[in-house]
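One file, start.pdb, is given below (PDB, N, CA and C atoms).
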ATOM      1  N   MET L 746     103.811  -9.008  20.516
ATOM      2  CA  MET L 746     103.656  -9.881  19.382
ATOM      3  C   MET L 746     104.154  -9.190  18.115
ATOM      4  N   GLU L 747     103.916  -7.889  18.032
ATOM      5  CA  GLU L 747     104.392  -7.132  16.867
ATOM      6  C   GLU L 747     105.910  -7.191  16.770
ATOM      7  N   LYS L 748     106.581  -7.104  17.908
ATOM      8  CA  LYS L 748     108.039  -7.180  17.901
ATOM      9  C   LYS L 748     108.518  -8.573  17.499
ATOM     10  N   MET L 749     107.792  -9.589  17.920
ATOM     11  CA  MET L 749     108.176 -10.948  17.550
ATOM     12  C   MET L 749     108.044 -11.160  16.046
ATOM     13  N   LYS L 750     107.026 -10.569  15.444
ATOM     14  CA  LYS L 750     106.815 -10.725  14.000
ATOM     15  C   LYS L 750     107.962 -10.113  13.200
ATOM     16  N   LYS L 751     108.647  -9.146  13.778
ATOM     17  CA  LYS L 751     109.751  -8.486  13.083
ATOM     18  C   LYS L 751     111.063  -9.269  13.199
ATOM     19  N   LEU L 752     111.075 -10.284  14.038
ATOM     20  CA  LEU L 752     112.291 -11.076  14.220
ATOM     21  C   LEU L 752     112.572 -11.939  12.991
ATOM     22  N   ASP L 753     113.790 -12.390  12.915
ATOM     23  CA  ASP L 753     114.210 -13.272  11.827
ATOM     24  C   ASP L 753     113.394 -14.565  11.859
ATOM     25  N   ARG L 754     113.121 -15.121  10.712
ATOM     26  CA  ARG L 754     112.318 -16.337  10.599
ATOM     27  C   ARG L 754     112.946 -17.512  11.360
ATOM     28  N   LYS L 755     114.252 -17.549  11.421
ATOM     29  CA  LYS L 755     114.940 -18.635  12.138
ATOM     30  C   LYS L 755     114.582 -18.624  13.621
ATOM     31  N   VAL L 756     114.425 -17.422  14.166
ATOM     32  CA  VAL L 756     114.063 -17.304  15.583
ATOM     33  C   VAL L 756     112.631 -17.783  15.794
ATOM     34  N   LEU L 757     111.744 -17.429  14.889
ATOM     35  CA  LEU L 757     110.336 -17.807  15.024
ATOM     36  C   LEU L 757     110.113 -19.304  14.808
ATOM     37  N   ASP L 758     111.026 -19.960  14.131
ATOM     38  CA  ASP L 758     110.887 -21.397  13.900
ATOM     39  C   ASP L 758     111.307 -22.226  15.110
ATOM     40  N   ARG L 759     111.889 -21.613  16.102
ATOM     41  CA  ARG L 759     112.308 -22.332  17.302
ATOM     42  C   ARG L 759     111.086 -22.780  18.099
ATOM     43  N   GLU L 760     111.256 -23.839  18.838
ATOM     44  CA  GLU L 760     110.157 -24.422  19.617
ATOM     45  C   GLU L 760     109.623 -23.449  20.669
ATOM     46  N   ASP L 761     110.527 -22.753  21.359
ATOM     47  CA  ASP L 761     110.067 -21.827  22.404
ATOM     48  C   ASP L 761     109.311 -20.636  21.810
ATOM     49  N   ALA L 762     109.684 -20.196  20.606
ATOM     50  CA  ALA L 762     108.962 -19.105  19.961
ATOM     51  C   ALA L 762     107.570 -19.571  19.548
ATOM     52  N   ARG L 763     107.481 -20.801  19.052
ATOM     53  CA  ARG L 763     106.157 -21.343  18.693
ATOM     54  C   ARG L 763     105.275 -21.477  19.927
ATOM     55  N   GLU L 764     105.884 -21.832  21.040
ATOM     56  CA  GLU L 764     105.136 -21.954  22.296
ATOM     57  C   GLU L 764     104.591 -20.583  22.725
ATOM     58  N   VAL L 765     105.393 -19.541  22.573
ATOM     59  CA  VAL L 765     104.950 -18.184  22.910
ATOM     60  C   VAL L 765     103.779 -17.772  22.021
ATOM     61  N   VAL L 766     103.873 -18.062  20.743
ATOM     62  CA  VAL L 766     102.785 -17.720  19.816
ATOM     63  C   VAL L 766     101.518 -18.482  20.181
ATOM     64  N   LYS L 767     101.687 -19.764  20.544
ATOM     65  CA  LYS L 767     100.528 -20.568  20.935
ATOM     66  C   LYS L 767      99.869 -20.003  22.192
ATOM     67  N   MET L 768     100.697 -19.632  23.181
ATOM     68  CA  MET L 768     100.165 -19.051  24.417
ATOM     69  C   MET L 768      99.462 -17.720  24.137
ATOM     70  N   TYR L 769     100.046 -16.917  23.261
ATOM     71  CA  TYR L 769      99.459 -15.626  22.903
ATOM     72  C   TYR L 769      98.096 -15.836  22.237
ATOM     73  N   THR L 770      98.023 -16.762  21.311
ATOM     74  CA  THR L 770      96.763 -17.051  20.622
ATOM     75  C   THR L 770      95.716 -17.562  21.602
ATOM     76  N   SER L 771      96.134 -18.425  22.511
ATOM     77  CA  SER L 771      95.225 -18.950  23.527
ATOM     78  C   SER L 771      94.704 -17.826  24.425
ATOM     79  N   LEU L 772      95.595 -16.947  24.832
ATOM     80  CA  LEU L 772      95.192 -15.817  25.677
ATOM     81  C   LEU L 772      94.197 -14.916  24.955
ATOM     82  N   LEU L 773      94.436 -14.648  23.680
ATOM     83  CA  LEU L 773      93.491 -13.832  22.910
ATOM     84  C   LEU L 773      92.116 -14.482  22.859
ATOM     85  N   GLY L 774      92.079 -15.791  22.679
ATOM     86  CA  GLY L 774      90.807 -16.511  22.655
ATOM     87  C   GLY L 774      90.086 -16.432  23.989
ATOM     88  N   GLN L 775      90.841 -16.603  25.067
ATOM     89  CA  GLN L 775      90.250 -16.536  26.407
ATOM     90  C   GLN L 775      89.710 -15.135  26.703
ATOM     91  N   LEU L 776      90.457 -14.118  26.301
ATOM     92  CA  LEU L 776      89.991 -12.745  26.511
ATOM     93  C   LEU L 776      88.730 -12.459  25.699
ATOM     94  N   ALA L 777      88.672 -12.962  24.478
ATOM     95  CA  ALA L 777      87.482 -12.774  23.646
ATOM     96  C   ALA L 777      86.274 -13.471  24.264
ATOM     97  N   ASP L 778      86.472 -14.674  24.786
ATOM     98  CA  ASP L 778      85.379 -15.395  25.453
ATOM     99  C   ASP L 778      84.911 -14.646  26.696
ATOM    100  N   PHE L 779      85.859 -14.163  27.493
ATOM    101  CA  PHE L 779      85.519 -13.408  28.698
ATOM    102  C   PHE L 779      84.717 -12.154  28.347
ATOM    103  N   GLU L 780      85.171 -11.444  27.332
ATOM    104  CA  GLU L 780      84.479 -10.229  26.907
ATOM    105  C   GLU L 780      83.060 -10.543  26.434
ATOM    106  N   ARG L 781      82.920 -11.608  25.656
ATOM    107  CA  ARG L 781      81.603 -12.002  25.153
ATOM    108  C   ARG L 781      80.663 -12.342  26.302
ATOM    109  N   LEU L 782      81.153 -13.111  27.278
ATOM    110  CA  LEU L 782      80.327 -13.484  28.429
ATOM    111  C   LEU L 782      79.900 -12.261  29.232
ATOM    112  N   LYS L 783      80.831 -11.338  29.450
ATOM    113  CA  LYS L 783      80.500 -10.127  30.209
ATOM    114  C   LYS L 783      79.461  -9.279  29.476
ATOM    115  N   ILE L 784      79.608  -9.147  28.163
ATOM    116  CA  ILE L 784      78.660  -8.349  27.390
ATOM    117  C   ILE L 784      77.290  -9.016  27.377
ATOM    118  N   GLU L 785      77.257 -10.342  27.273
ATOM    119  CA  GLU L 785      75.968 -11.050  27.307
ATOM    120  C   GLU L 785      75.284 -10.876  28.660
ATOM    121  N   ALA L 786      76.036 -11.007  29.746
ATOM    122  CA  ALA L 786      75.462 -10.831  31.085
ATOM    123  C   ALA L 786      74.958  -9.408  31.258
ATOM    124  N   TRP L 787      75.739  -8.440  30.793
ATOM    125  CA  TRP L 787      75.325  -7.038  30.872
ATOM    126  C   TRP L 787      74.039  -6.826  30.072
ATOM    127  N   GLY L 788      73.983  -7.387  28.884
ATOM    128  CA  GLY L 788      72.810  -7.229  28.028
ATOM    129  C   GLY L 788      71.560  -7.811  28.658
ATOM    130  N   GLN L 789      71.681  -8.963  29.297
ATOM    131  CA  GLN L 789      70.518  -9.568  29.947
ATOM    132  C   GLN L 789      70.033  -8.730  31.120
ATOM    133  N   SER L 790      70.952  -8.234  31.922
ATOM    134  CA  SER L 790      70.537  -7.435  33.084
ATOM    135  C   SER L 790      69.919  -6.113  32.637
ATOM    136  N   ILE L 791      70.458  -5.521  31.593
ATOM    137  CA  ILE L 791      69.925  -4.262  31.091
ATOM    138  C   ILE L 791      68.549  -4.471  30.492
ATOM    139  N   GLU L 792      68.380  -5.553  29.756
ATOM    140  CA  GLU L 792      67.088  -5.806  29.121
ATOM    141  C   GLU L 792      65.987  -5.934  30.162
ATOM    142  N   GLU L 793      66.269  -6.651  31.237
ATOM    143  CA  GLU L 793      65.268  -6.833  32.285
ATOM    144  C   GLU L 793      64.889  -5.507  32.938
ATOM    145  N   SER L 794      65.876  -4.715  33.305
ATOM    146  CA  SER L 794      65.583  -3.474  34.024
ATOM    147  C   SER L 794      65.028  -2.399  33.105
ATOM    148  N   SER L 795      65.469  -2.360  31.862
ATOM    149  CA  SER L 795      65.025  -1.284  30.974
ATOM    150  C   SER L 795      63.599  -1.492  30.474
ATOM    151  N   GLN L 796      63.169  -2.723  30.311
ATOM    152  CA  GLN L 796      61.815  -2.965  29.805
ATOM    153  C   GLN L 796      60.766  -2.351  30.728
ATOM    154  N   ALA L 797      60.936  -2.506  32.028
ATOM    155  CA  ALA L 797      59.983  -1.936  32.977
ATOM    156  C   ALA L 797      60.022  -0.412  32.935
ATOM    157  N   LYS L 798      61.210   0.145  32.824
ATOM    158  CA  LYS L 798      61.337   1.602  32.821
ATOM    159  C   LYS L 798      60.809   2.217  31.528
ATOM    160  N   LEU L 799      60.918   1.506  30.426
ATOM    161  CA  LEU L 799      60.424   2.033  29.155
ATOM    162  C   LEU L 799      58.894   2.027  29.083
ATOM    163  N   LYS L 800      58.238   1.276  29.956
ATOM    164  CA  LYS L 800      56.778   1.247  29.981
ATOM    165  C   LYS L 800      56.198   2.457  30.708
ATOM    166  N   ASN L 801      57.017   3.146  31.477
ATOM    167  CA  ASN L 801      56.547   4.342  32.179
ATOM    168  C   ASN L 801      56.236   5.450  31.172
ATOM    169  N   PRO L 802      55.229   6.270  31.456
ATOM    170  CA  PRO L 802      54.945   7.400  30.544
ATOM    171  C   PRO L 802      56.110   8.386  30.545
ATOM    172  N   LEU L 803      56.366   8.961  29.378
ATOM    173  CA  LEU L 803      57.496   9.875  29.240
ATOM    174  C   LEU L 803      57.231  11.210  29.940
ATOM    175  N   LEU L 804      55.985  11.643  29.942
ATOM    176  CA  LEU L 804      55.614  12.899  30.611
ATOM    177  C   LEU L 804      54.654  12.604  31.748
ATOM    178  N   ARG L 805      54.742  13.400  32.785
ATOM    179  CA  ARG L 805      53.806  13.266  33.903
ATOM    180  C   ARG L 805      53.376  14.654  34.350
ATOM    181  N   LYS L 806      52.190  14.700  34.901
ATOM    182  CA  LYS L 806      51.686  15.976  35.401
ATOM    183  C   LYS L 806      52.329  16.284  36.740
ATOM    184  N   GLY L 807      52.678  17.524  36.885
ATOM    185  CA  GLY L 807      53.242  17.973  38.144
ATOM    186  C   GLY L 807      52.198  18.777  38.900
ATOM    187  N   LYS L 808      52.552  19.195  40.057
ATOM    188  CA  LYS L 808      51.654  20.019  40.859
ATOM    189  C   LYS L 808      51.789  21.473  40.439
ATOM    190  N   LYS L 809      50.733  22.213  40.648
ATOM    191  CA  LYS L 809      50.790  23.647  40.381
ATOM    192  C   LYS L 809      51.694  24.304  41.415
ATOM    193  N   PRO L 810      52.438  25.293  41.002
ATOM    194  CA  PRO L 810      53.234  26.038  41.987
ATOM    195  C   PRO L 810      52.302  26.690  43.002
ATOM    196  N   PRO L 811      52.741  26.816  44.238
ATOM    197  CA  PRO L 811      51.866  27.375  45.290
ATOM    198  C   PRO L 811      51.385  28.793  44.977
ATOM    199  N   ASN L 812      52.172  29.569  44.240
ATOM    200  CA  ASN L 812      51.768  30.947  43.965
ATOM    201  C   ASN L 812      51.161  31.101  42.561
ATOM    202  N   ALA L 813      50.710  29.982  41.958
ATOM    203  CA  ALA L 813      50.137  30.038  40.609
ATOM    204  C   ALA L 813      48.775  30.721  40.656
ATOM    205  N   PRO L 814      48.457  31.508  39.619
ATOM    206  CA  PRO L 814      47.146  32.158  39.582
ATOM    207  C   PRO L 814      46.034  31.129  39.426
ATOM    208  N   ARG L 815      44.866  31.541  39.793
ATOM    209  CA  ARG L 815      43.696  30.666  39.705
ATOM    210  C   ARG L 815      43.474  30.269  38.244
ATOM    211  N   GLY L 816      43.185  29.003  37.989
ATOM    212  CA  GLY L 816      42.943  28.509  36.641
ATOM    213  C   GLY L 816      44.211  28.160  35.879
ATOM    214  N   ALA L 817      45.371  28.263  36.516
ATOM    215  CA  ALA L 817      46.632  27.930  35.846
ATOM    216  C   ALA L 817      46.697  26.424  35.608
ATOM    217  N   GLN L 818      47.331  26.056  34.511
ATOM    218  CA  GLN L 818      47.465  24.649  34.152
ATOM    219  C   GLN L 818      48.554  23.975  34.999
ATOM    220  N   GLU L 819      48.381  22.691  35.158
ATOM    221  CA  GLU L 819      49.425  21.934  35.841
ATOM    222  C   GLU L 819      50.646  21.847  34.927
ATOM    223  N   LEU L 820      51.797  21.783  35.525
ATOM    224  CA  LEU L 820      53.034  21.678  34.762
ATOM    225  C   LEU L 820      53.278  20.235  34.327
ATOM    226  N   LEU L 821      53.944  20.084  33.192
ATOM    227  CA  LEU L 821      54.365  18.754  32.744
ATOM    228  C   LEU L 821      55.841  18.577  33.077
ATOM    229  N   HIS L 822      56.180  17.372  33.477
ATOM    230  CA  HIS L 822      57.560  17.057  33.804
ATOM    231  C   HIS L 822      57.997  15.840  32.995
ATOM    232  N   VAL L 823      59.262  15.837  32.608
ATOM    233  CA  VAL L 823      59.815  14.678  31.914
ATOM    234  C   VAL L 823      60.025  13.578  32.942
ATOM    235  N   ASN L 824      59.536  12.405  32.610
ATOM    236  CA  ASN L 824      59.605  11.268  33.519
ATOM    237  C   ASN L 824      60.595  10.237  32.956
ATOM    238  N   PHE L 825      61.784  10.678  32.598
ATOM    239  CA  PHE L 825      62.783   9.797  31.987
ATOM    240  C   PHE L 825      63.754   9.352  33.060
ATOM    241  N   ASP L 826      63.801   8.067  33.297
ATOM    242  CA  ASP L 826      64.627   7.512  34.360
ATOM    243  C   ASP L 826      66.121   7.723  34.067
ATOM    244  N   PRO L 827      66.883   8.210  35.033
ATOM    245  CA  PRO L 827      68.323   8.415  34.835
ATOM    246  C   PRO L 827      69.074   7.129  34.478
ATOM    247  N   LEU L 828      68.553   5.984  34.890
ATOM    248  CA  LEU L 828      69.201   4.724  34.541
ATOM    249  C   LEU L 828      69.124   4.462  33.042
ATOM    250  N   LEU L 829      68.060   4.941  32.389
ATOM    251  CA  LEU L 829      67.977   4.797  30.937
ATOM    252  C   LEU L 829      69.031   5.660  30.244
ATOM    253  N   THR L 830      69.284   6.826  30.782
ATOM    254  CA  THR L 830      70.335   7.677  30.228
ATOM    255  C   THR L 830      71.683   6.984  30.357
ATOM    256  N   ARG L 831      71.919   6.379  31.501
ATOM    257  CA  ARG L 831      73.166   5.644  31.715
ATOM    258  C   ARG L 831      73.281   4.476  30.742
ATOM    259  N   LEU L 832      72.169   3.787  30.526
ATOM    260  CA  LEU L 832      72.149   2.673  29.590
ATOM    261  C   LEU L 832      72.518   3.138  28.185
ATOM    262  N   LEU L 833      71.970   4.244  27.760
ATOM    263  CA  LEU L 833      72.271   4.760  26.429
ATOM    264  C   LEU L 833      73.760   5.098  26.291
ATOM    265  N   ARG L 834      74.347   5.650  27.347
ATOM    266  CA  ARG L 834      75.783   5.943  27.319
ATOM    267  C   ARG L 834      76.611   4.660  27.232
ATOM    268  N   GLU L 835      76.211   3.655  28.014
ATOM    269  CA  GLU L 835      76.943   2.400  28.009
ATOM    270  C   GLU L 835      76.865   1.736  26.636
ATOM    271  N   VAL L 836      75.700   1.752  26.034
ATOM    272  CA  VAL L 836      75.543   1.144  24.710
ATOM    273  C   VAL L 836      76.444   1.851  23.701
ATOM    274  N   LYS L 837      76.532   3.156  23.815
ATOM    275  CA  LYS L 837      77.392   3.927  22.904
ATOM    276  C   LYS L 837      78.843   3.453  22.996
ATOM    277  N   TYR L 838      79.320   3.199  24.210
ATOM    278  CA  TYR L 838      80.720   2.828  24.379
ATOM    279  C   TYR L 838      80.980   1.346  24.149
ATOM    280  N   VAL L 839      79.982   0.502  24.365
ATOM    281  CA  VAL L 839      80.179  -0.932  24.164
ATOM    282  C   VAL L 839      80.182  -1.282  22.685
ATOM    283  N   PHE L 840      79.289  -0.636  21.944
ATOM    284  CA  PHE L 840      79.171  -0.976  20.525
ATOM    285  C   PHE L 840      79.653   0.182  19.703
TER     286      PHE L 840
END
Before we go any further, please render this structure as structure tokens.
Amino acid sequence: MEKMKKLDRKVLDREDAREVVKMYTSLLGQLADFERLKIEAWGQSIEESSQAKLKNPLLRKGKKPPNAPRGAQELLHVNFDPLLTRLLREVKYVF
């Protein structure tokens, strides 16, 4: 399209050139609609799955190591679902 814009005005006034511009504009609209639909579908699926995962506690108690001394505290572990990490990456690239 950039190359067409650089052409002489007489060429762009031709019927076939106008048809190409119309097709190009139509294609851009269709691609924008497709992209919007895909992003909306992605957003709905992510919202459903992430809400349940975000309700989980962030930290959880782990078991004591077998060779831990008597009276040792239980270890804490991060309970962050890997799918949430993936979601955060996807959001970064989508928006």
Contacts of L:Ile791 at 12 Å or less, counting only C-alpha atoms, minus same-chain residues fewer than 4 places along, as a PyMOL selection string? chain L and resi 784-787+795-799+828-833+835-836
Write a file of the just-selected residues containing N, CA and C atoms, as a compact mmCIF listing (two decimals), in the frame of the given file.
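File written: result.txt
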# COMPACT_ATOMS: atom_id res chain seq x y z
N ILE L 784 79.61 -9.15 28.16
CA ILE L 784 78.66 -8.35 27.39
C ILE L 784 77.29 -9.02 27.38
N GLU L 785 77.26 -10.34 27.27
CA GLU L 785 75.97 -11.05 27.31
C GLU L 785 75.28 -10.88 28.66
N ALA L 786 76.04 -11.01 29.75
CA ALA L 786 75.46 -10.83 31.08
C ALA L 786 74.96 -9.41 31.26
N TRP L 787 75.74 -8.44 30.79
CA TRP L 787 75.32 -7.04 30.87
C TRP L 787 74.04 -6.83 30.07
N SER L 795 65.47 -2.36 31.86
CA SER L 795 65.03 -1.28 30.97
C SER L 795 63.60 -1.49 30.47
N GLN L 796 63.17 -2.72 30.31
CA GLN L 796 61.82 -2.96 29.80
C GLN L 796 60.77 -2.35 30.73
N ALA L 797 60.94 -2.51 32.03
CA ALA L 797 59.98 -1.94 32.98
C ALA L 797 60.02 -0.41 32.94
N LYS L 798 61.21 0.14 32.82
CA LYS L 798 61.34 1.60 32.82
C LYS L 798 60.81 2.22 31.53
N LEU L 799 60.92 1.51 30.43
CA LEU L 799 60.42 2.03 29.16
C LEU L 799 58.89 2.03 29.08
N LEU L 828 68.55 5.98 34.89
CA LEU L 828 69.20 4.72 34.54
C LEU L 828 69.12 4.46 33.04
N LEU L 829 68.06 4.94 32.39
CA LEU L 829 67.98 4.80 30.94
C LEU L 829 69.03 5.66 30.24
N THR L 830 69.28 6.83 30.78
CA THR L 830 70.33 7.68 30.23
C THR L 830 71.68 6.98 30.36
N ARG L 831 71.92 6.38 31.50
CA ARG L 831 73.17 5.64 31.72
C ARG L 831 73.28 4.48 30.74
N LEU L 832 72.17 3.79 30.53
CA LEU L 832 72.15 2.67 29.59
C LEU L 832 72.52 3.14 28.18
N LEU L 833 71.97 4.24 27.76
CA LEU L 833 72.27 4.76 26.43
C LEU L 833 73.76 5.10 26.29
N GLU L 835 76.21 3.66 28.01
CA GLU L 835 76.94 2.40 28.01
C GLU L 835 76.86 1.74 26.64
N VAL L 836 75.70 1.75 26.03
CA VAL L 836 75.54 1.14 24.71
C VAL L 836 76.44 1.85 23.70
L:Thr770, L:His822, L:Glu760, L:Glu792: which is nearest L:Lys806, counting only N, CA and C atoms?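 Once distances to L:Lys806 are computed over only N, CA and C atoms, the minimum belongs to L:His822.
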Among the residues of chain L, find those DSSP assigns to strand (DSSP E or B) from the backbone and print them as a list in words.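 Residues meeting the strand (DSSP E or B) criterion: Leu804, Arg805, Lys806, Leu821, His822 and Val823 of chain L.
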Generate a file of the selected residues that holds N, CA and C atoms, formatted as a short mmCIF file (atom, residue, chain, number, x, y, z; two decimals), in the frame of the given file.
data_model
loop_
_atom_site.label_atom_id
_atom_site.label_comp_id
_atom_site.auth_asym_id
_atom_site.auth_seq_id
_atom_site.Cartn_x
_atom_site.Cartn_y
_atom_site.Cartn_z
N LEU L 804 55.98 11.64 29.94
CA LEU L 804 55.61 12.90 30.61
C LEU L 804 54.65 12.60 31.75
N ARG L 805 54.74 13.40 32.78
CA ARG L 805 53.81 13.27 33.90
C ARG L 805 53.38 14.65 34.35
N LYS L 806 52.19 14.70 34.90
CA LYS L 806 51.69 15.98 35.40
C LYS L 806 52.33 16.28 36.74
N LEU L 821 53.94 20.08 33.19
CA LEU L 821 54.36 18.75 32.74
C LEU L 821 55.84 18.58 33.08
N HIS L 822 56.18 17.37 33.48
CA HIS L 822 57.56 17.06 33.80
C HIS L 822 58.00 15.84 32.99
N VAL L 823 59.26 15.84 32.61
CA VAL L 823 59.82 14.68 31.91
C VAL L 823 60.02 13.58 32.94
#
Which value, in Å to one decimal, gives the distance between atom CA of L:Leu757 and atom CA of L:Ala777?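 Computing the Euclidean distance for atom CA of L:Leu757 and atom CA of L:Ala777 yields 24.9 Å.
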Step by step, work through what the PyMOL selection byres (((chain L and resi 746 and name CA) around 12) and name CA) selects in the shown file, and finish by giving those residues as a PDB file with N, CA and C atoms, in the frame of the given file.
ATOM      1  N   GLU L 747     103.916  -7.889  18.032  1.00  0.00           N
ATOM      2  CA  GLU L 747     104.392  -7.132  16.867  1.00  0.00           C
ATOM      3  C   GLU L 747     105.910  -7.191  16.770  1.00  0.00           C
ATOM      4  N   LYS L 748     106.581  -7.104  17.908  1.00  0.00           N
ATOM      5  CA  LYS L 748     108.039  -7.180  17.901  1.00  0.00           C
ATOM      6  C   LYS L 748     108.518  -8.573  17.499  1.00  0.00           C
ATOM      7  N   MET L 749     107.792  -9.589  17.920  1.00  0.00           N
ATOM      8  CA  MET L 749     108.176 -10.948  17.550  1.00  0.00           C
ATOM      9  C   MET L 749     108.044 -11.160  16.046  1.00  0.00           C
ATOM     10  N   LYS L 750     107.026 -10.569  15.444  1.00  0.00           N
ATOM     11  CA  LYS L 750     106.815 -10.725  14.000  1.00  0.00           C
ATOM     12  C   LYS L 750     107.962 -10.113  13.200  1.00  0.00           C
ATOM     13  N   LYS L 751     108.647  -9.146  13.778  1.00  0.00           N
ATOM     14  CA  LYS L 751     109.751  -8.486  13.083  1.00  0.00           C
ATOM     15  C   LYS L 751     111.063  -9.269  13.199  1.00  0.00           C
ATOM     16  N   LEU L 752     111.075 -10.284  14.038  1.00  0.00           N
ATOM     17  CA  LEU L 752     112.291 -11.076  14.220  1.00  0.00           C
ATOM     18  C   LEU L 752     112.572 -11.939  12.991  1.00  0.00           C
ATOM     19  N   LEU L 757     111.744 -17.429  14.889  1.00  0.00           N
ATOM     20  CA  LEU L 757     110.336 -17.807  15.024  1.00  0.00           C
ATOM     21  C   LEU L 757     110.113 -19.304  14.808  1.00  0.00           C
ATOM     22  N   ALA L 762     109.684 -20.196  20.606  1.00  0.00           N
ATOM     23  CA  ALA L 762     108.962 -19.105  19.961  1.00  0.00           C
ATOM     24  C   ALA L 762     107.570 -19.571  19.548  1.00  0.00           C
ATOM     25  N   ARG L 763     107.481 -20.801  19.052  1.00  0.00           N
ATOM     26  CA  ARG L 763     106.157 -21.343  18.693  1.00  0.00           C
ATOM     27  C   ARG L 763     105.275 -21.477  19.927  1.00  0.00           C
ATOM     28  N   VAL L 765     105.393 -19.541  22.573  1.00  0.00           N
ATOM     29  CA  VAL L 765     104.950 -18.184  22.910  1.00  0.00           C
ATOM     30  C   VAL L 765     103.779 -17.772  22.021  1.00  0.00           C
ATOM     31  N   VAL L 766     103.873 -18.062  20.743  1.00  0.00           N
ATOM     32  CA  VAL L 766     102.785 -17.720  19.816  1.00  0.00           C
ATOM     33  C   VAL L 766     101.518 -18.482  20.181  1.00  0.00           C
ATOM     34  N   LYS L 767     101.687 -19.764  20.544  1.00  0.00           N
ATOM     35  CA  LYS L 767     100.528 -20.568  20.935  1.00  0.00           C
ATOM     36  C   LYS L 767      99.869 -20.003  22.192  1.00  0.00           C
ATOM     37  N   MET L 768     100.697 -19.632  23.181  1.00  0.00           N
ATOM     38  CA  MET L 768     100.165 -19.051  24.417  1.00  0.00           C
ATOM     39  C   MET L 768      99.462 -17.720  24.137  1.00  0.00           C
ATOM     40  N   TYR L 769     100.046 -16.917  23.261  1.00  0.00           N
ATOM     41  CA  TYR L 769      99.459 -15.626  22.903  1.00  0.00           C
ATOM     42  C   TYR L 769      98.096 -15.836  22.237  1.00  0.00           C
ATOM     43  N   THR L 770      98.023 -16.762  21.311  1.00  0.00           N
ATOM     44  CA  THR L 770      96.763 -17.051  20.622  1.00  0.00           C
ATOM     45  C   THR L 770      95.716 -17.562  21.602  1.00  0.00           C
ATOM     46  N   LEU L 773      94.436 -14.648  23.680  1.00  0.00           N
ATOM     47  CA  LEU L 773      93.491 -13.832  22.910  1.00  0.00           C
ATOM     48  C   LEU L 773      92.116 -14.482  22.859  1.00  0.00           C
TER      49      LEU L 773
END
Using all atoms listed in the file, which protein or nucleic acid residues come within 7 Å of L:Leu820? Drop anything in the same chain fewer than 2 positions from it, and give the result as a ChimeraX atom specification. /L:805-810,817-818,822
Using the file's own x, y and z axes, so that the box edges lie along x, y and z, what centre and edge lengths in Å (one decimal) does a box around every listed atom of stretch 751-764 of chain L get when 4 Å is added on each side? Give it as JSON.
{"center_x": 109.8, "center_y": -16.5, "center_z": 16.7, "size_x": 18.3, "size_y": 23.9, "size_z": 20.1}
Among chain L, which residues does DSSP mark as alpha helix (DSSP H) when it is run on the backbone? Keep the chain and numbering as in the structure and answer as an NGL selection string. :L and (747-750 or 754-757 or 760-799 or 827-839)
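A straight line drawn from atom CA of L:Ser794 to atom CA of L:Asp826 is 11.0 Å long.
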In Å, how far is it from atom CA of L:Lys783 to atom C of L:Tyr838?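 Atom C of L:Tyr838 lies 13.0 Å from atom CA of L:Lys783.
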Between L:Glu780, L:Phe825, L:Ala813, L:Val756, which has the minimum distance to L:Asn801 (counting only N, CA and C atoms)?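 Among the listed residues, the smallest separation from L:Asn801 belongs to L:Phe825.
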